[in-house]
$ cat query22.csv   # CSV, C-alpha atoms
chain,number,residue,atom,x,y,z
A,1,MET,CA,2.3,14.4,-6.8
A,2,ASN,CA,-1.1,15.4,-5.3
A,3,THR,CA,-2.8,12.2,-6.3
A,4,THR,CA,-6.0,10.9,-4.7
A,5,LEU,CA,-8.2,8.0,-5.6
A,6,CYS,CA,-11.8,7.9,-6.8
A,7,GLN,CA,-13.7,6.6,-3.7
A,8,SER,CA,-15.9,4.4,-6.0
A,9,CYS,CA,-13.6,2.8,-8.6
A,10,GLY,CA,-10.2,3.5,-7.2
A,11,MET,CA,-8.9,5.4,-10.3
A,12,PRO,CA,-6.1,7.8,-9.5
A,13,LEU,CA,-7.3,11.4,-10.0
A,14,THR,CA,-4.4,13.4,-11.3
A,15,THR,CA,-6.1,16.2,-13.3
A,16,PRO,CA,-9.3,18.3,-12.8
A,17,ALA,CA,-10.8,16.8,-15.9
A,18,GLN,CA,-11.1,13.5,-14.1
A,19,PHE,CA,-13.0,14.9,-11.2
A,20,GLY,CA,-16.7,14.2,-10.7
A,21,THR,CA,-19.3,17.0,-10.3
A,22,GLU,CA,-21.8,17.9,-7.6
A,23,ALA,CA,-25.4,18.9,-8.3
A,24,ASP,CA,-24.3,22.6,-8.5
A,25,GLY,CA,-21.7,21.8,-11.1
A,26,ASN,CA,-18.7,22.2,-8.8
A,27,ALA,CA,-16.0,19.5,-8.9
A,28,THR,CA,-15.4,16.9,-6.3
A,29,ARG,CA,-12.2,15.1,-5.7
A,30,GLU,CA,-13.9,12.2,-3.9
A,31,TYR,CA,-15.2,10.6,-7.2
A,32,CYS,CA,-14.2,10.5,-10.8
A,33,ILE,CA,-16.3,11.8,-13.6
A,34,TYR,CA,-17.1,8.3,-14.8
A,35,CYS,CA,-18.6,7.3,-11.5
A,36,TYR,CA,-20.2,10.5,-10.3
A,37,LYS,CA,-21.9,13.4,-12.2
A,38,GLU,CA,-24.2,16.2,-11.1
A,39,GLY,CA,-24.3,14.8,-7.5
A,40,GLN,CA,-25.4,11.3,-8.5
A,41,PHE,CA,-23.6,8.0,-9.2
A,42,GLU,CA,-23.7,7.0,-12.8
A,43,GLN,CA,-24.6,3.4,-11.8
A,44,PRO,CA,-26.4,3.9,-8.5
A,45,ASN,CA,-27.4,0.3,-8.0
A,46,ILE,CA,-24.2,-1.5,-9.0
A,47,PRO,CA,-23.0,-3.8,-6.2
A,48,LEU,CA,-19.3,-4.0,-5.1
A,49,GLU,CA,-18.8,-7.2,-7.0
A,50,GLY,CA,-20.2,-5.6,-10.1
A,51,MET,CA,-17.8,-2.7,-9.8
A,52,ILE,CA,-14.9,-5.1,-9.3
A,53,GLU,CA,-15.9,-7.0,-12.5
A,54,MET,CA,-16.4,-3.8,-14.5
A,55,CYS,CA,-13.1,-2.4,-13.5
A,56,THR,CA,-11.4,-5.7,-14.1
A,57,ALA,CA,-12.6,-5.7,-17.7
A,58,ILE,CA,-11.3,-2.2,-18.2
A,59,LEU,CA,-7.9,-3.0,-16.8
A,60,LYS,CA,-7.7,-6.1,-18.9
A,61,GLU,CA,-8.4,-4.0,-22.0
A,62,GLU,CA,-5.5,-1.8,-21.0
A,63,GLY,CA,-3.2,-4.8,-20.9
A,64,MET,CA,-3.2,-5.9,-17.3
A,65,ASP,CA,-3.4,-9.6,-16.4
A,66,GLU,CA,-7.1,-10.4,-15.5
A,67,GLU,CA,-6.3,-12.3,-12.3
A,68,SER,CA,-3.9,-9.7,-11.1
A,69,ALA,CA,-6.4,-6.9,-11.8
A,70,ARG,CA,-9.2,-8.6,-10.0
A,71,SER,CA,-6.9,-9.4,-7.0
A,72,MET,CA,-5.8,-5.7,-6.8
A,73,LEU,CA,-9.4,-4.5,-6.9
A,74,ARG,CA,-10.6,-6.9,-4.3
A,75,ASN,CA,-7.9,-5.6,-2.0
A,76,GLN,CA,-8.6,-1.9,-2.7
A,77,LEU,CA,-12.3,-1.2,-3.4
A,78,PRO,CA,-13.9,-2.4,-0.1
A,79,TYR,CA,-11.9,0.3,1.7
A,80,LEU,CA,-13.2,3.1,-0.4
A,81,LYS,CA,-15.9,5.5,0.9
A,82,ARG,CA,-18.7,4.2,-1.4
A,83,TRP,CA,-18.2,0.6,-0.2
A,84,ASN,CA,-17.1,1.1,3.4
A,85,GLY,CA,-18.9,-1.4,5.5
A,86,THR,CA,-19.8,-3.7,2.6
A,87,ILE,CA,-19.7,-7.4,3.5
A,88,MET,CA,-17.7,-9.4,1.0
A,89,ARG,CA,-16.1,-12.8,0.9
A,90,GLY,CA,-12.5,-13.1,-0.4
A,91,THR,CA,-9.5,-15.3,-0.3
A,92,SER,CA,-6.0,-14.6,0.9
A,93,GLU,CA,-2.6,-16.1,0.2
A,94,ASP,CA,-0.8,-18.4,2.6
A,95,GLY,CA,2.0,-16.8,4.6
A,96,SER,CA,5.3,-18.4,5.7
A,97,ALA,CA,8.4,-17.3,7.5
A,98,GLY,CA,11.4,-16.5,5.4
A,99,SER,CA,14.0,-16.7,8.2
A,100,SER,CA,14.5,-17.9,11.7
A,101,SER,CA,14.7,-14.3,12.8
A,102,LEU,CA,12.0,-11.7,12.0
A,103,ALA,CA,9.6,-13.1,9.4
A,104,ALA,CA,10.2,-12.3,5.8
A,105,PRO,CA,7.1,-10.9,4.2
A,106,THR,CA,5.6,-13.1,1.5
A,107,GLY,CA,4.7,-10.9,-1.4
A,108,SER,CA,1.8,-9.0,0.3
A,109,THR,CA,3.9,-6.1,1.3
A,110,ASN,CA,2.8,-4.0,-1.7
A,111,PRO,CA,-0.9,-3.4,-2.4
A,112,ALA,CA,-0.4,-4.6,-5.9
A,113,ASN,CA,0.4,-8.1,-4.7
A,114,SER,CA,-2.4,-8.5,-2.2
A,115,THR,CA,-5.8,-10.2,-2.1
A,116,ILE,CA,-8.3,-8.9,0.4
A,117,ALA,CA,-8.4,-10.8,3.7
A,118,THR,CA,-11.5,-11.6,5.5
A,119,ASP,CA,-12.4,-12.7,9.0
A,120,SER,CA,-14.5,-15.8,9.8
A,121,ASN,CA,-17.7,-13.9,9.0
A,122,GLY,CA,-16.4,-12.6,5.7
A,123,LEU,CA,-16.2,-9.0,6.8
A,124,SER,CA,-13.8,-6.9,4.8
A,125,GLY,CA,-10.8,-5.1,6.3
A,126,ALA,CA,-12.8,-1.9,6.0
A,127,LEU,CA,-14.8,-3.0,9.0
A,128,LEU,CA,-11.6,-3.3,11.1
A,129,GLY,CA,-11.1,0.4,11.5
A,130,LEU,CA,-7.9,0.6,9.4
A,131,SER,CA,-9.0,3.4,7.0
A,132,GLU,CA,-7.4,6.2,8.9
A,133,PRO,CA,-3.9,6.7,10.4
A,134,VAL,CA,-3.5,5.7,14.1
A,135,ARG,CA,-1.2,8.7,14.6
A,136,TYR,CA,1.1,11.2,13.0
A,137,VAL,CA,4.8,11.3,14.0
A,138,THR,CA,7.8,13.4,12.9
A,139,LEU,CA,11.1,11.5,12.6
A,140,PRO,CA,14.6,12.6,12.0
A,141,ALA,CA,16.5,11.5,8.9
A,142,LYS,CA,17.4,7.8,8.6
A,143,ARG,CA,19.6,5.7,6.5
A,144,LEU,CA,18.5,2.2,5.5
A,145,ALA,CA,20.7,-0.5,3.9
A,146,GLY,CA,19.9,-3.7,2.1
A,147,VAL,CA,19.0,-4.8,-1.4
A,148,SER,CA,17.0,-2.7,-3.8
A,149,ALA,CA,15.5,-2.4,-7.3
A,150,ARG,CA,13.4,-0.1,-9.4
A,151,THR,CA,9.8,-1.1,-10.1
A,152,THR,CA,6.3,0.2,-10.6
A,153,ASN,CA,2.9,-0.9,-9.2
A,154,ALA,CA,2.0,-2.0,-12.8
A,155,ILE,CA,5.0,-4.3,-12.9
A,156,GLU,CA,4.2,-5.8,-9.5
A,157,ILE,CA,0.6,-6.3,-10.5
A,158,SER,CA,1.6,-8.1,-13.7
A,159,GLY,CA,3.2,-10.9,-11.7
A,160,LYS,CA,6.7,-10.0,-13.0
A,161,GLY,CA,7.6,-7.9,-10.0
A,162,CYS,CA,10.7,-7.9,-7.9
A,163,ILE,CA,9.5,-7.3,-4.3
A,164,GLN,CA,9.2,-10.9,-3.1
A,165,GLY,CA,12.6,-11.7,-4.7
A,166,LEU,CA,14.2,-8.9,-2.8
A,167,TRP,CA,12.9,-10.2,0.5
A,168,ASN,CA,14.2,-13.6,-0.3
A,169,GLN,CA,17.6,-12.2,-1.4
A,170,TYR,CA,17.9,-10.1,1.8
A,171,PHE,CA,17.2,-13.0,4.2
A,172,SER,CA,19.7,-15.2,2.3
A,173,SER,CA,22.4,-12.6,2.8
A,174,ASP,CA,25.4,-13.1,5.1
A,175,GLN,CA,25.2,-9.4,6.1
A,176,LEU,CA,22.1,-9.7,8.3
A,177,PRO,CA,22.1,-7.9,11.6
A,178,ALA,CA,21.0,-9.5,14.9
A,179,PRO,CA,17.6,-11.2,14.8
A,180,GLU,CA,15.9,-8.6,17.1
A,181,VAL,CA,16.8,-5.7,14.7
A,182,ALA,CA,13.8,-4.2,12.9
A,183,ARG,CA,13.5,-4.8,9.2
A,184,TYR,CA,12.2,-2.3,6.7
A,185,GLY,CA,10.5,-2.4,3.3
A,186,CYS,CA,11.2,1.1,2.0
A,187,TYR,CA,9.6,2.9,-1.0
A,188,SER,CA,11.5,6.0,-2.3
A,189,ASP,CA,12.7,8.0,-5.3
A,190,TYR,CA,9.2,8.2,-6.8
A,191,THR,CA,9.0,9.6,-10.3
A,192,ASP,CA,5.2,10.1,-10.5
A,193,GLY,CA,3.5,9.3,-7.2
A,194,ILE,CA,1.7,6.0,-7.1
A,195,THR,CA,1.6,5.7,-10.9
A,196,GLY,CA,5.3,5.9,-11.8
A,197,GLU,CA,8.6,4.2,-10.9
A,198,TYR,CA,10.0,4.0,-7.4
A,199,THR,CA,12.9,2.3,-5.6
A,200,ILE,CA,12.0,-0.6,-3.2
A,201,LEU,CA,14.7,-1.4,-0.7
A,202,VAL,CA,14.5,-4.3,1.8
A,203,GLY,CA,16.8,-3.9,4.7
A,204,HIS,CA,17.6,-2.4,8.1
A,205,GLU,CA,18.7,0.9,9.6
A,206,VAL,CA,22.4,1.8,9.7
A,207,ASN,CA,24.5,4.7,10.8
A,208,VAL,CA,24.8,7.6,8.4
A,209,ASP,CA,28.6,7.2,8.1
A,210,GLU,CA,28.7,3.4,8.2
A,211,VAL,CA,30.8,1.8,5.5
A,212,LEU,CA,28.7,-0.8,3.7
A,213,PRO,CA,29.7,-4.0,1.8
A,214,GLU,CA,29.8,-3.6,-2.0
A,215,ASP,CA,26.8,-5.7,-2.5
A,216,MET,CA,24.6,-3.6,-0.2
A,217,ASP,CA,22.5,-0.5,-1.3
A,218,SER,CA,21.3,2.3,0.8
A,219,VAL,CA,18.6,4.9,0.9
A,220,HIS,CA,18.6,8.2,2.8
A,221,LEU,CA,15.2,9.3,4.1
A,222,PRO,CA,15.0,13.0,4.9
A,223,PRO,CA,13.4,14.2,8.2
A,224,ALA,CA,9.6,13.9,7.7
A,225,THR,CA,6.2,13.7,9.2
A,226,TYR,CA,4.5,10.4,8.7
A,227,ALA,CA,0.9,9.2,8.9
A,228,VAL,CA,1.2,5.8,10.6
A,229,PHE,CA,-1.2,2.9,9.7
A,230,THR,CA,-1.0,0.0,12.1
A,231,SER,CA,-2.4,-3.4,11.0
A,232,ARG,CA,-4.4,-5.7,13.3
A,233,ARG,CA,-2.7,-8.8,14.6
A,234,GLY,CA,-2.9,-11.9,12.4
A,235,SER,CA,-1.3,-13.8,9.6
A,236,MET,CA,1.2,-11.7,7.7
A,237,ALA,CA,-0.3,-12.6,4.3
A,238,GLU,CA,-3.6,-11.1,5.5
A,239,VAL,CA,-2.8,-8.1,7.7
A,240,VAL,CA,-0.1,-6.4,5.6
A,241,GLY,CA,-2.4,-6.5,2.5
A,242,GLU,CA,-5.2,-5.0,4.6
A,243,ALA,CA,-3.1,-2.2,5.9
A,244,TRP,CA,-1.9,-1.3,2.4
A,245,GLY,CA,-5.4,-1.4,1.1
A,246,ALA,CA,-6.3,1.1,3.8
A,247,VAL,CA,-3.4,3.4,2.7
A,248,TRP,CA,-4.6,3.3,-0.9
A,249,ALA,CA,-8.1,4.1,0.0
A,250,TRP,CA,-7.2,6.8,2.5
A,251,ALA,CA,-9.1,10.0,1.8
A,252,ASP,CA,-6.1,12.3,2.3
A,253,GLN,CA,-3.9,11.0,-0.5
A,254,HIS,CA,-3.3,14.6,-1.6
A,255,LYS,CA,-1.2,15.1,1.7
A,256,ARG,CA,1.4,12.6,0.6
A,257,THR,CA,4.8,14.0,-0.2
A,258,PHE,CA,6.4,10.8,-1.7
A,259,THR,CA,9.8,11.6,0.0
A,260,GLY,CA,9.9,8.0,1.2
A,261,ASP,CA,7.5,5.6,2.8
A,262,PHE,CA,8.2,2.4,4.7
A,263,GLU,CA,6.9,-0.7,6.4
A,264,LEU,CA,8.3,-1.4,9.8
A,265,TYR,CA,8.7,-5.1,10.9
A,266,ASP,CA,9.9,-5.1,14.5
A,267,GLU,CA,9.5,-7.6,17.5
A,268,ARG,CA,5.8,-7.9,16.7
A,269,SER,CA,6.7,-9.6,13.4
A,270,ILE,CA,8.6,-12.6,14.7
A,271,ASP,CA,5.7,-15.0,14.5
A,272,PRO,CA,4.4,-14.9,10.8
A,273,GLU,CA,1.0,-16.1,12.0
A,274,ASN,CA,0.6,-13.4,14.6
A,275,VAL,CA,2.2,-10.2,13.3
A,276,GLN,CA,1.4,-6.5,13.6
A,277,VAL,CA,3.0,-4.1,11.1
A,278,ASP,CA,3.3,-0.3,10.9
A,279,ILE,CA,3.2,1.5,7.6
A,280,TYR,CA,4.7,5.0,7.6
A,281,ILE,CA,3.5,7.3,4.8
A,282,ALA,CA,5.3,10.6,4.4
A,283,VAL,CA,2.9,13.6,4.5
A,284,GLN,CA,2.9,17.3,4.6
A,285,SER,CA,3.7,18.7,8.1
A,286,LYS,CA,0.6,19.1,10.3

$ encode --input "query22.csv" --output "structure tokens"
Amino acid sequence: MNTTLCQSCGMPLTTPAQFGTEADGNATREYCIYCYKEGQFEQPNIPLEGMIEMCTAILKEEGMDEESARSMLRNQLPYLKRWNGTIMRGTSEDGSAGSSSLAAPTGSTNPANSTIATDSNGLSGALLGLSEPVRYVTLPAKRLAGVSARTTNAIEISGKGCIQGLWNQYFSSDQLPAPEVARYGCYSDYTDGITGEYTILVGHEVNVDEVLPEDMDSVHLPPATYAVFTSRRGSMAEVVGEAWGAVWAWADQHKRTFTGDFELYDERSIDPENVQVDIYIAVQSK
């Protein structure tokens, strides 16, 4: 579960054989062996766009849809240490409200489904100060109820994912709580960290002993410490993707426990064009 990402190409680093090396031969967990050897980048002059295209070609050879691969890389790479501060132009998907209550996220709630958002000057989200948690909090156990499915990031990237459909299904349900009640996008029951299957549940918090309708699923999150990432205010289609990109590029990936992570959509998410979202990542106790 102690997975981090290469801070050059974004490859998950799961074994020591994948680690790059410093000039003295010691391993580094900041970069992979393909990007960094003996204290130097293998391609020192490659620009960010060049890295995106190179990685897109590799992912395409591995069977990923080219457009989805490029979209994922545009969302992720500008947040990584090697590229932090790089100016880059990008595009973002349009957002729309899914309900007259809290807005329903529009497919950008998972980093696999997001394109990188830019401000009017084309500055990437890395310049917005999102690359570190705003705080750490310890929360008691909670029970969430709604609709759920099993998926992987690879499935979501392929365009055959289920996350957007779950949000649509949830907001069309006749079991919705009051409009002011916070909504959650919860990720739990991981099989292999960021690379394996997980359960995505879209819903709201309920009492531990509450009897649920037959068509509702539930997830029990244990007491946990969370690193909290808070998006800037803006269009939901932009800011949620930015915040997830920051989570993926966060240097302390090895602290994640994968006991359950969630997005919190509260009263700040009522207007889909002016939202602020918190992402809670379960971590080892500080």

$ residues_around --input "query22.csv" --residues "A:Leu176" --least-positions-apart "5" --cutoff "9 Å" --atoms "only C-alpha atoms" --output "VMD selection string"
chain A and resid 146 170 to 171 203 to 204

$ closest_residue --input "query22.csv" --among "A:Gln43, A:Gln276, A:Asn207, A:Asn168" --to "A:Glu263" --atoms "all atoms listed in the file"
A:Gln276

$ closest_atom_pairs --input "query22.csv" --of "stretch 248-280 of chain A" --to "stretch 213-232 of chain A" --cutoff "6 Å" --atoms "all atoms listed in the file" --output "Markdown table"
| residue | atom | partner | partner_atom | distance |
| --- | --- | --- | --- | --- |
| A:Gln276 | CA | A:Ser231 | CA | 5.6 |
| A:Val277 | CA | A:Ser231 | CA | 5.4 |
| A:Asp278 | CA | A:Thr230 | CA | 4.5 |
| A:Ile279 | CA | A:Phe229 | CA | 5.1 |
| A:Tyr280 | CA | A:Val228 | CA | 4.7 |

$ write_last_selection --input "query22.csv" --atoms "C-alpha atoms" --output "short mmCIF file (atom, residue, chain, number, x, y, z; two decimals), in the coordinates of the input"
data_model
loop_
_atom_site.label_atom_id
_atom_site.label_comp_id
_atom_site.auth_asym_id
_atom_site.auth_seq_id
_atom_site.Cartn_x
_atom_site.Cartn_y
_atom_site.Cartn_z
CA GLN A 276 1.40 -6.50 13.60
CA VAL A 277 3.00 -4.10 11.10
CA ASP A 278 3.30 -0.30 10.90
CA ILE A 279 3.20 1.50 7.60
CA TYR A 280 4.70 5.00 7.60
#

$ closest_residue --input "query22.csv" --among "A:Ala154, A:Val239, A:Ala249, A:Ala145" --to "A:Glu205" --atoms "all atoms listed in the file"
A:Ala145

$ atom_distance --input "query22.csv" --atom1 "atom CA of A:Val275" --atom2 "atom CA of A:Ile163"
19.3 Å

$ atom_distance --input "query22.csv" --atom1 "atom CA of A:Gly39" --atom2 "atom CA of A:Asp24"
7.9 Å
